[in-house]
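J.: Pasting a structure here, questions to come.
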Amino acid sequence: MVLRGRHLRLVLVFAFAGWCLGSASLAAQSPAVTPTLDDLLSGTTLNDVWLHINARDWADLQANYRENTYYPADFEWQGVRVRNAGVRTRGRISRNDRKPSLRVDFNRYVTGQQFLGVKAIVLNSLWMDPSMLRDRLSMLLFRRMGIPAPREGHVRLFIGANREYAGVYSVVEEVNPAFLQANFNQNDGYLYEYHIQGAYGFEDPGPDLDWYRPRFDAQTHENGSTVELYAPVQSLVETVNAASPSDLRGALADVLDIDTFITQIAIQNFVAQQDGLVGQFGMNNFYLYRFEAQSLSQIIPWDQDGSFRMIDMPPWQNMDTNVLAAKIWADPTYRDLYLRKLVEVATLAGPWLEDEVVREYAQLREAVSVDPLAPYPFEQFESEVAFIQQFARDRAAIIRSYVEQVSPSVLGDGFAGGRKARR
């Protein structure tokens with residue numbers, strides 16, 4: 001499947017223009033304009049990032065890609081150069097020695113050092129996603145729905161003294177205290193990164209607090225006691241399991257906002273996320289943040305490249321694999337609330353989602369075509385992008401058809417035959 005007609009013509013024009021502009025040297029860019037982090041993470045342009053790293057260190061990093069060893073490097077973008085940052089490989093099943101994903105820690109060797117207000121940033125090699133679009137599109141949709149999610153843009157990464165092209169990466173905002181401050185106006189609560197250890201969907205594992213430690217990896221207050229760190233997480237899980245399906249809002253009020261959770265699973269099920277809160281493998285790919293001096297927590301999405309995999313996925317798929325999602329689906333009031341949120345996501349995605357796919361394809365196409373380290377052929381990139389474009393075009397109507405089967409009243413009067421006119 002390929003992009004056709006006016007979309008293809010526009011794509012090729014934009015791609016050529018973007019490549020020409022993006023290829024300008026750093027020295028040619030205006031020093032009068034002070035770049036901001038949002039310029040890098042907004043995704044409006046394809047930026048160039050240069051890692052000045054010793055050739056031997058780079059080779060060693062690739063050879064020992066399963067380790068978290070840091071190597072010194074300078075990070076440069078638009079004339080802003082941060083010296084003596086630390087660089088290491090990152091990821092789990094996506095780790096590889098050919099095109100490794102990287103964590104750049106600006107504070108590793110120079111205490112307090114930052115890059116445009118942040119201490120670290122992620123360079124994702126997009127190893128698991130031939131389209132290179134899935135994670136960023138998902139995060140954009142989360143933010144459009146009012147859910148805090150990392151910002152993300154695409155870059156061409158250059159390595160070493162000879163500025164060798166290492167291919168297209170995404171540059172991702174790390175979920176850390178700076179992210180918390182920007183999105184919640186606080187940063188001293190308890191932040192956990194979830195690490196999947198097998199299928200898990202909010203089931204109560206029992207009284208052993210140590211069960212939580214490898215799964216909910218503390219990112220703040222790391223030196224807190226086991227009770228301090230994990231008794232509140234245990235309480236959250238126990239409350240979810242004890243809550244009556246007919247009174248989720250009241251039962252969970254102190255530990256988890258049910259409306260936010262419903263919005264999150266509605267977004268993930270609209271984009272057919274296969275590895276999220278109700279994915280194929282149990283809960284995965286999220287952070288949990290407990291607010292300062294509260295028992296209330298919020299889930300923050302992460303690593304959404306399992307999205308846009310199945311155009312016809314029903315919105316009730318895997319809802320029974322998660323204790324809280326199953327309770328939402330079991331109660332007519334909360335099920336309708338979830339279905340209304342799904343329709344809201346579909347309406348908000350609308351033509352915007354397809355237009356965004358076309359725009360990003362135009363931005364990336366030329367750079368991807370010469371990516372020397374991509375693990376898949378260029379033709380696969382094009383076919384995957386075309387699939388996502390088709391997904392964006394058809395998914396909203398499919399969702400409305402499914403909703404009509406379950407609860408027609410959710411759709412109201414402006415619905416006919418399972419299809420809603422595309423403006």
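How things are named: the first chain in the structure tokens is A, the next is B, and so on; residues count from 1 in each chain; ligands count from 1 in the order shown.
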Using only C-alpha atoms, which residues sit within 8 Å of A:Thr89 once same-chain residues fewer than 4 positions away are excluded, as JSON, numbers by chain?

T.: {"A": [61, 65, 66, 67, 68, 69, 95, 100, 101, 102, 103]}

J.: Keeping only N, CA and C atoms, write the selected residues to a file as a compact mmCIF listing (two decimals), in the first residue's frame.

T.:
# COMPACT_ATOMS: atom_id res chain seq x y z
N LEU A 61 30.48 0.99 23.19
CA LEU A 61 29.07 1.11 23.55
C LEU A 61 28.23 0.12 22.74
N TYR A 65 26.20 -3.39 24.30
CA TYR A 65 24.92 -2.70 24.29
C TYR A 65 23.96 -3.18 25.37
N ARG A 66 24.18 -4.35 25.94
CA ARG A 66 23.29 -4.84 26.99
C ARG A 66 23.62 -4.25 28.36
N GLU A 67 24.73 -3.58 28.46
CA GLU A 67 25.13 -2.96 29.72
C GLU A 67 24.69 -1.49 29.74
N ASN A 68 24.64 -0.94 30.93
CA ASN A 68 24.26 0.47 31.08
C ASN A 68 25.48 1.36 31.35
N THR A 69 26.60 1.01 30.74
CA THR A 69 27.83 1.77 30.94
C THR A 69 27.73 3.12 30.24
N ARG A 95 16.92 -3.46 22.53
CA ARG A 95 18.37 -3.21 22.58
C ARG A 95 19.07 -3.97 21.46
N PRO A 100 21.62 1.51 18.38
CA PRO A 100 21.12 1.49 19.76
C PRO A 100 20.34 2.75 20.13
N SER A 101 19.30 2.56 20.93
CA SER A 101 18.66 3.70 21.57
C SER A 101 19.57 4.19 22.69
N LEU A 102 19.48 5.49 23.00
CA LEU A 102 20.45 6.10 23.91
C LEU A 102 19.76 6.97 24.96
N ARG A 103 20.34 7.00 26.12
CA ARG A 103 19.99 7.99 27.13
C ARG A 103 21.16 8.94 27.26

J.: Give the strand (DSSP E) residues of stretch 157-396 of chain A, as DSSP finds them on the backbone, and put them as an NGL selection string.

T.: :A and (157-159 or 164-172 or 190-194 or 216-218 or 286-290 or 297-301)

J.: Grab the atom CA of A:Ala73 to atom CA of A:Ile53 distance for me, in Å with one decimal place.

T.: 4.6 Å

J.: Need to verify the contact set: stretch 322-324 of chain A, 12 Å, only C-alpha atoms, exclusion of same-chain residues closer than 2 positions in sequence. Can you return it as a ChimeraX atom specification?

T.: /A:199-204,236-249,251-252,256-258,261-262,265,276-284,316-320,326-331,334-335

J.: Restrict the selected residues to C-alpha atoms and save them as a PDB file, in the first residue's frame.

T.:
ATOM      1  CA  ALA A 199       1.103 -10.636  32.761  1.00  0.00           C
ATOM      2  CA  TYR A 200      -0.363  -8.360  35.424  1.00  0.00           C
ATOM      3  CA  GLY A 201      -3.594  -6.348  35.428  1.00  0.00           C
ATOM      4  CA  PHE A 202      -4.001  -4.773  38.862  1.00  0.00           C
ATOM      5  CA  GLU A 203      -4.570  -8.124  40.610  1.00  0.00           C
ATOM      6  CA  ASP A 204      -3.800  -8.085  44.339  1.00  0.00           C
ATOM      7  CA  LEU A 236      -3.864   1.526  45.471  1.00  0.00           C
ATOM      8  CA  VAL A 237      -3.998  -2.073  44.232  1.00  0.00           C
ATOM      9  CA  GLU A 238      -6.082  -3.226  47.208  1.00  0.00           C
ATOM     10  CA  THR A 239      -8.525  -0.353  46.686  1.00  0.00           C
ATOM     11  CA  VAL A 240      -8.930  -1.178  42.993  1.00  0.00           C
ATOM     12  CA  ASN A 241      -9.701  -4.792  43.866  1.00  0.00           C
ATOM     13  CA  ALA A 242     -12.166  -3.895  46.631  1.00  0.00           C
ATOM     14  CA  ALA A 243     -14.036  -1.213  44.677  1.00  0.00           C
ATOM     15  CA  SER A 244     -17.620  -1.882  43.677  1.00  0.00           C
ATOM     16  CA  PRO A 245     -18.139  -1.621  39.887  1.00  0.00           C
ATOM     17  CA  SER A 246     -21.137   0.637  40.500  1.00  0.00           C
ATOM     18  CA  ASP A 247     -19.177   3.174  42.610  1.00  0.00           C
ATOM     19  CA  LEU A 248     -15.690   3.351  41.107  1.00  0.00           C
ATOM     20  CA  ARG A 249     -15.510   7.133  41.281  1.00  0.00           C
ATOM     21  CA  ALA A 251     -14.273   4.152  45.939  1.00  0.00           C
ATOM     22  CA  LEU A 252     -11.130   5.270  44.104  1.00  0.00           C
ATOM     23  CA  LEU A 256      -6.860   7.163  41.312  1.00  0.00           C
ATOM     24  CA  ASP A 257      -9.053   9.446  39.223  1.00  0.00           C
ATOM     25  CA  ILE A 258     -11.373   7.075  37.350  1.00  0.00           C
ATOM     26  CA  PHE A 261      -8.021   6.283  33.687  1.00  0.00           C
ATOM     27  CA  ILE A 262     -11.033   5.847  31.399  1.00  0.00           C
ATOM     28  CA  ILE A 265      -7.702   3.350  28.053  1.00  0.00           C
ATOM     29  CA  GLY A 276      -0.439  -0.756  27.010  1.00  0.00           C
ATOM     30  CA  LEU A 277      -2.735  -0.746  30.038  1.00  0.00           C
ATOM     31  CA  VAL A 278      -5.038  -3.382  28.524  1.00  0.00           C
ATOM     32  CA  GLY A 279      -2.660  -4.854  25.965  1.00  0.00           C
ATOM     33  CA  GLN A 280      -1.828  -8.400  24.957  1.00  0.00           C
ATOM     34  CA  PHE A 281       0.738  -8.876  27.724  1.00  0.00           C
ATOM     35  CA  GLY A 282      -0.875  -7.270  30.756  1.00  0.00           C
ATOM     36  CA  MET A 283      -0.241  -3.706  31.904  1.00  0.00           C
ATOM     37  CA  ASN A 284       2.893  -2.225  30.380  1.00  0.00           C
ATOM     38  CA  TRP A 316     -13.666  -4.167  24.358  1.00  0.00           C
ATOM     39  CA  GLN A 317     -10.640  -6.305  23.465  1.00  0.00           C
ATOM     40  CA  ASN A 318      -8.606  -7.336  26.541  1.00  0.00           C
ATOM     41  CA  MET A 319     -10.808  -5.285  28.887  1.00  0.00           C
ATOM     42  CA  ASP A 320     -11.311  -8.480  30.896  1.00  0.00           C
ATOM     43  CA  ALA A 326     -13.189  -5.180  33.664  1.00  0.00           C
ATOM     44  CA  LYS A 327     -15.145  -3.328  36.351  1.00  0.00           C
ATOM     45  CA  ILE A 328     -15.600  -0.355  34.021  1.00  0.00           C
ATOM     46  CA  TRP A 329     -16.949  -2.645  31.313  1.00  0.00           C
ATOM     47  CA  ALA A 330     -19.200  -4.556  33.708  1.00  0.00           C
ATOM     48  CA  ASP A 331     -21.162  -1.544  34.926  1.00  0.00           C
ATOM     49  CA  TYR A 334     -19.064   3.392  33.539  1.00  0.00           C
ATOM     50  CA  ARG A 335     -19.164   1.382  30.302  1.00  0.00           C
TER      51      ARG A 335
END

J.: Would you list the contacts of A:Glu356 as a list of chain:residue names, taking every protein, DNA or RNA residue within 10 Å and counting only C-alpha atoms, but skipping same-chain residues closer than 6 positions in sequence?

T.: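 My reading of the contact set: A:Leu133, A:Leu137, A:Leu140, A:Ala349, A:Ala362, A:Gln389, A:Ala392.
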
J.: Taking 2 positions as the minimum chain separation for residues in the same chain, which residues sit within 6 Å of stretch 104-121 of chain A when counting only C-alpha atoms? Answer as a PyMOL selection string.

T.: chain A and resi 37+85-87+173-174

J.: Keeping N, CA and C atoms, export the residues of the selection given above as a compact mmCIF listing (two decimals), in the first residue's frame.

T.:
# COMPACT_ATOMS: atom_id res chain seq x y z
N LEU A 37 13.86 24.10 24.13
CA LEU A 37 13.61 22.67 24.15
C LEU A 37 12.38 22.33 23.33
N ALA A 85 28.70 15.26 28.57
CA ALA A 85 27.49 14.55 28.96
C ALA A 85 27.82 13.06 29.03
N GLY A 86 26.94 12.28 29.65
CA GLY A 86 27.10 10.83 29.68
C GLY A 86 26.10 10.17 28.75
N VAL A 87 26.56 9.17 27.96
CA VAL A 87 25.69 8.50 27.01
C VAL A 87 25.74 6.99 27.27
N GLU A 173 11.17 13.39 25.39
CA GLU A 173 11.22 14.00 26.71
C GLU A 173 11.17 12.91 27.77
N GLU A 174 12.13 12.90 28.66
CA GLU A 174 12.16 11.90 29.72
C GLU A 174 11.12 12.24 30.79

J.: Using only C-alpha atoms, find each residue of stretch 177-256 of chain A with at least one atom at most 8 Å away from an atom of stretch 293-307 of chain A; report its shortest atom-to-atom pair and that distance in Å (one decimal), sort the rows by chain and rising residue number, and return the result as CSV.

T.:
residue,atom,partner,partner_atom,distance
A:Gly189,CA,A:Ala293,CA,7.3
A:Pro232,CA,A:Ser295,CA,6.7
A:Ala253,CA,A:Leu296,CA,7.7
A:Asp254,CA,A:Leu296,CA,5.3
A:Val255,CA,A:Leu296,CA,4.0
A:Leu256,CA,A:Ser297,CA,5.4

J.: Would you put the residues from that selection into a file with C-alpha atoms, as a compact mmCIF listing (two decimals), in the first residue's frame?

T.:
# COMPACT_ATOMS: atom_id res chain seq x y z
CA GLY A 189 5.96 13.25 44.74
CA PRO A 232 0.87 3.30 49.10
CA ALA A 253 -11.37 9.00 44.77
CA ASP A 254 -8.37 9.09 47.10
CA VAL A 255 -6.05 6.88 45.04
CA LEU A 256 -6.86 7.16 41.31

J.: Tell me, as a PDB file with N, CA and C atoms, in the first residue's frame, which residues lie within 12 Å of A:Phe378, counting only C-alpha atoms; anything in the same chain fewer than 3 positions away does not count.

T.:
ATOM      1  N   PRO A 130       8.889   0.142  12.054  1.00  0.00           N
ATOM      2  CA  PRO A 130       9.330   0.544  10.711  1.00  0.00           C
ATOM      3  C   PRO A 130       8.713   1.848  10.217  1.00  0.00           C
ATOM      4  N   SER A 131       7.542   2.218  10.737  1.00  0.00           N
ATOM      5  CA  SER A 131       6.927   3.474  10.307  1.00  0.00           C
ATOM      6  C   SER A 131       7.582   4.686  10.940  1.00  0.00           C
ATOM      7  N   MET A 132       8.213   4.506  12.092  1.00  0.00           N
ATOM      8  CA  MET A 132       8.844   5.572  12.873  1.00  0.00           C
ATOM      9  C   MET A 132       7.847   6.615  13.382  1.00  0.00           C
ATOM     10  N   LEU A 364       9.997  12.980   6.962  1.00  0.00           N
ATOM     11  CA  LEU A 364      10.965  11.915   7.221  1.00  0.00           C
ATOM     12  C   LEU A 364      11.443  11.170   5.981  1.00  0.00           C
ATOM     13  N   ARG A 365      10.673  11.174   4.929  1.00  0.00           N
ATOM     14  CA  ARG A 365      10.882  10.229   3.839  1.00  0.00           C
ATOM     15  C   ARG A 365      12.317  10.215   3.313  1.00  0.00           C
ATOM     16  N   GLU A 366      12.856  11.354   2.996  1.00  0.00           N
ATOM     17  CA  GLU A 366      14.188  11.397   2.393  1.00  0.00           C
ATOM     18  C   GLU A 366      15.258  10.929   3.374  1.00  0.00           C
ATOM     19  N   ALA A 367      15.135  11.367   4.634  1.00  0.00           N
ATOM     20  CA  ALA A 367      16.123  10.971   5.643  1.00  0.00           C
ATOM     21  C   ALA A 367      16.075   9.476   5.911  1.00  0.00           C
ATOM     22  N   VAL A 368      14.875   8.903   5.919  1.00  0.00           N
ATOM     23  CA  VAL A 368      14.744   7.462   6.138  1.00  0.00           C
ATOM     24  C   VAL A 368      15.308   6.680   4.961  1.00  0.00           C
ATOM     25  N   SER A 369      15.127   7.211   3.755  1.00  0.00           N
ATOM     26  CA  SER A 369      15.569   6.480   2.564  1.00  0.00           C
ATOM     27  C   SER A 369      17.079   6.270   2.539  1.00  0.00           C
ATOM     28  N   VAL A 370      17.831   7.106   3.262  1.00  0.00           N
ATOM     29  CA  VAL A 370      19.295   6.961   3.291  1.00  0.00           C
ATOM     30  C   VAL A 370      19.801   6.599   4.680  1.00  0.00           C
ATOM     31  N   ASP A 371      18.897   6.154   5.553  1.00  0.00           N
ATOM     32  CA  ASP A 371      19.282   5.726   6.900  1.00  0.00           C
ATOM     33  C   ASP A 371      20.177   4.495   6.783  1.00  0.00           C
ATOM     34  N   PRO A 372      21.466   4.601   7.167  1.00  0.00           N
ATOM     35  CA  PRO A 372      22.390   3.491   6.936  1.00  0.00           C
ATOM     36  C   PRO A 372      22.234   2.334   7.918  1.00  0.00           C
ATOM     37  N   LEU A 373      21.513   2.554   9.019  1.00  0.00           N
ATOM     38  CA  LEU A 373      21.443   1.539  10.069  1.00  0.00           C
ATOM     39  C   LEU A 373      20.033   1.005  10.297  1.00  0.00           C
ATOM     40  N   ALA A 374      19.081   1.422   9.472  1.00  0.00           N
ATOM     41  CA  ALA A 374      17.704   0.957   9.642  1.00  0.00           C
ATOM     42  C   ALA A 374      17.639  -0.561   9.525  1.00  0.00           C
ATOM     43  N   PRO A 375      16.886  -1.236  10.398  1.00  0.00           N
ATOM     44  CA  PRO A 375      16.841  -2.699  10.383  1.00  0.00           C
ATOM     45  C   PRO A 375      15.823  -3.268   9.399  1.00  0.00           C
ATOM     46  N   PHE A 381       9.077   0.859   5.384  1.00  0.00           N
ATOM     47  CA  PHE A 381       8.702   2.156   5.960  1.00  0.00           C
ATOM     48  C   PHE A 381       7.505   2.728   5.214  1.00  0.00           C
ATOM     49  N   GLU A 382       7.556   2.741   3.886  1.00  0.00           N
ATOM     50  CA  GLU A 382       6.472   3.325   3.106  1.00  0.00           C
ATOM     51  C   GLU A 382       5.165   2.549   3.290  1.00  0.00           C
ATOM     52  N   SER A 383       5.233   1.227   3.286  1.00  0.00           N
ATOM     53  CA  SER A 383       4.006   0.450   3.429  1.00  0.00           C
ATOM     54  C   SER A 383       3.408   0.598   4.826  1.00  0.00           C
ATOM     55  N   GLU A 384       4.262   0.696   5.861  1.00  0.00           N
ATOM     56  CA  GLU A 384       3.763   0.879   7.226  1.00  0.00           C
ATOM     57  C   GLU A 384       3.112   2.250   7.393  1.00  0.00           C
ATOM     58  N   VAL A 385       3.721   3.275   6.810  1.00  0.00           N
ATOM     59  CA  VAL A 385       3.118   4.611   6.876  1.00  0.00           C
ATOM     60  C   VAL A 385       1.777   4.613   6.161  1.00  0.00           C
TER      61      VAL A 385
END

J.: Give me the residues within 9 Å of A:Leu51 as a CSV table (one decimal) with C-alpha atoms, in the first residue's frame, counting only C-alpha atoms and dropping any in the same chain fewer than 2 places off.

T.:
chain,number,residue,atom,x,y,z
A,49,VAL,CA,21.7,16.3,16.5
A,53,ILE,CA,31.9,10.8,21.0
A,73,ALA,CA,30.3,12.8,24.8
A,74,ASP,CA,29.4,16.3,23.7
A,75,PHE,CA,25.8,16.9,22.6
A,76,GLU,CA,25.2,19.5,20.0
A,157,LEU,CA,21.6,11.7,14.5
A,158,PHE,CA,25.3,12.2,13.6
A,159,ILE,CA,28.1,10.5,15.5
A,160,GLY,CA,31.8,11.2,16.1
A,161,ALA,CA,34.5,13.5,14.8
A,163,ARG,CA,29.9,13.4,11.7

J.: When distances are computed from only C-alpha atoms, which of A:Val227, A:Ala55, A:Ala346, A:Met128 shows the smallest separation from A:Val271?

T.: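 Using only C-alpha atoms, the shortest distance to A:Val271 belongs to A:Ala346.
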
J.: Have a look at A:Tyr70, A:Trp211, A:Phe184, A:Trp127 and name the one nearest to A:Ile93; count only C-alpha atoms.

T.: A:Trp127
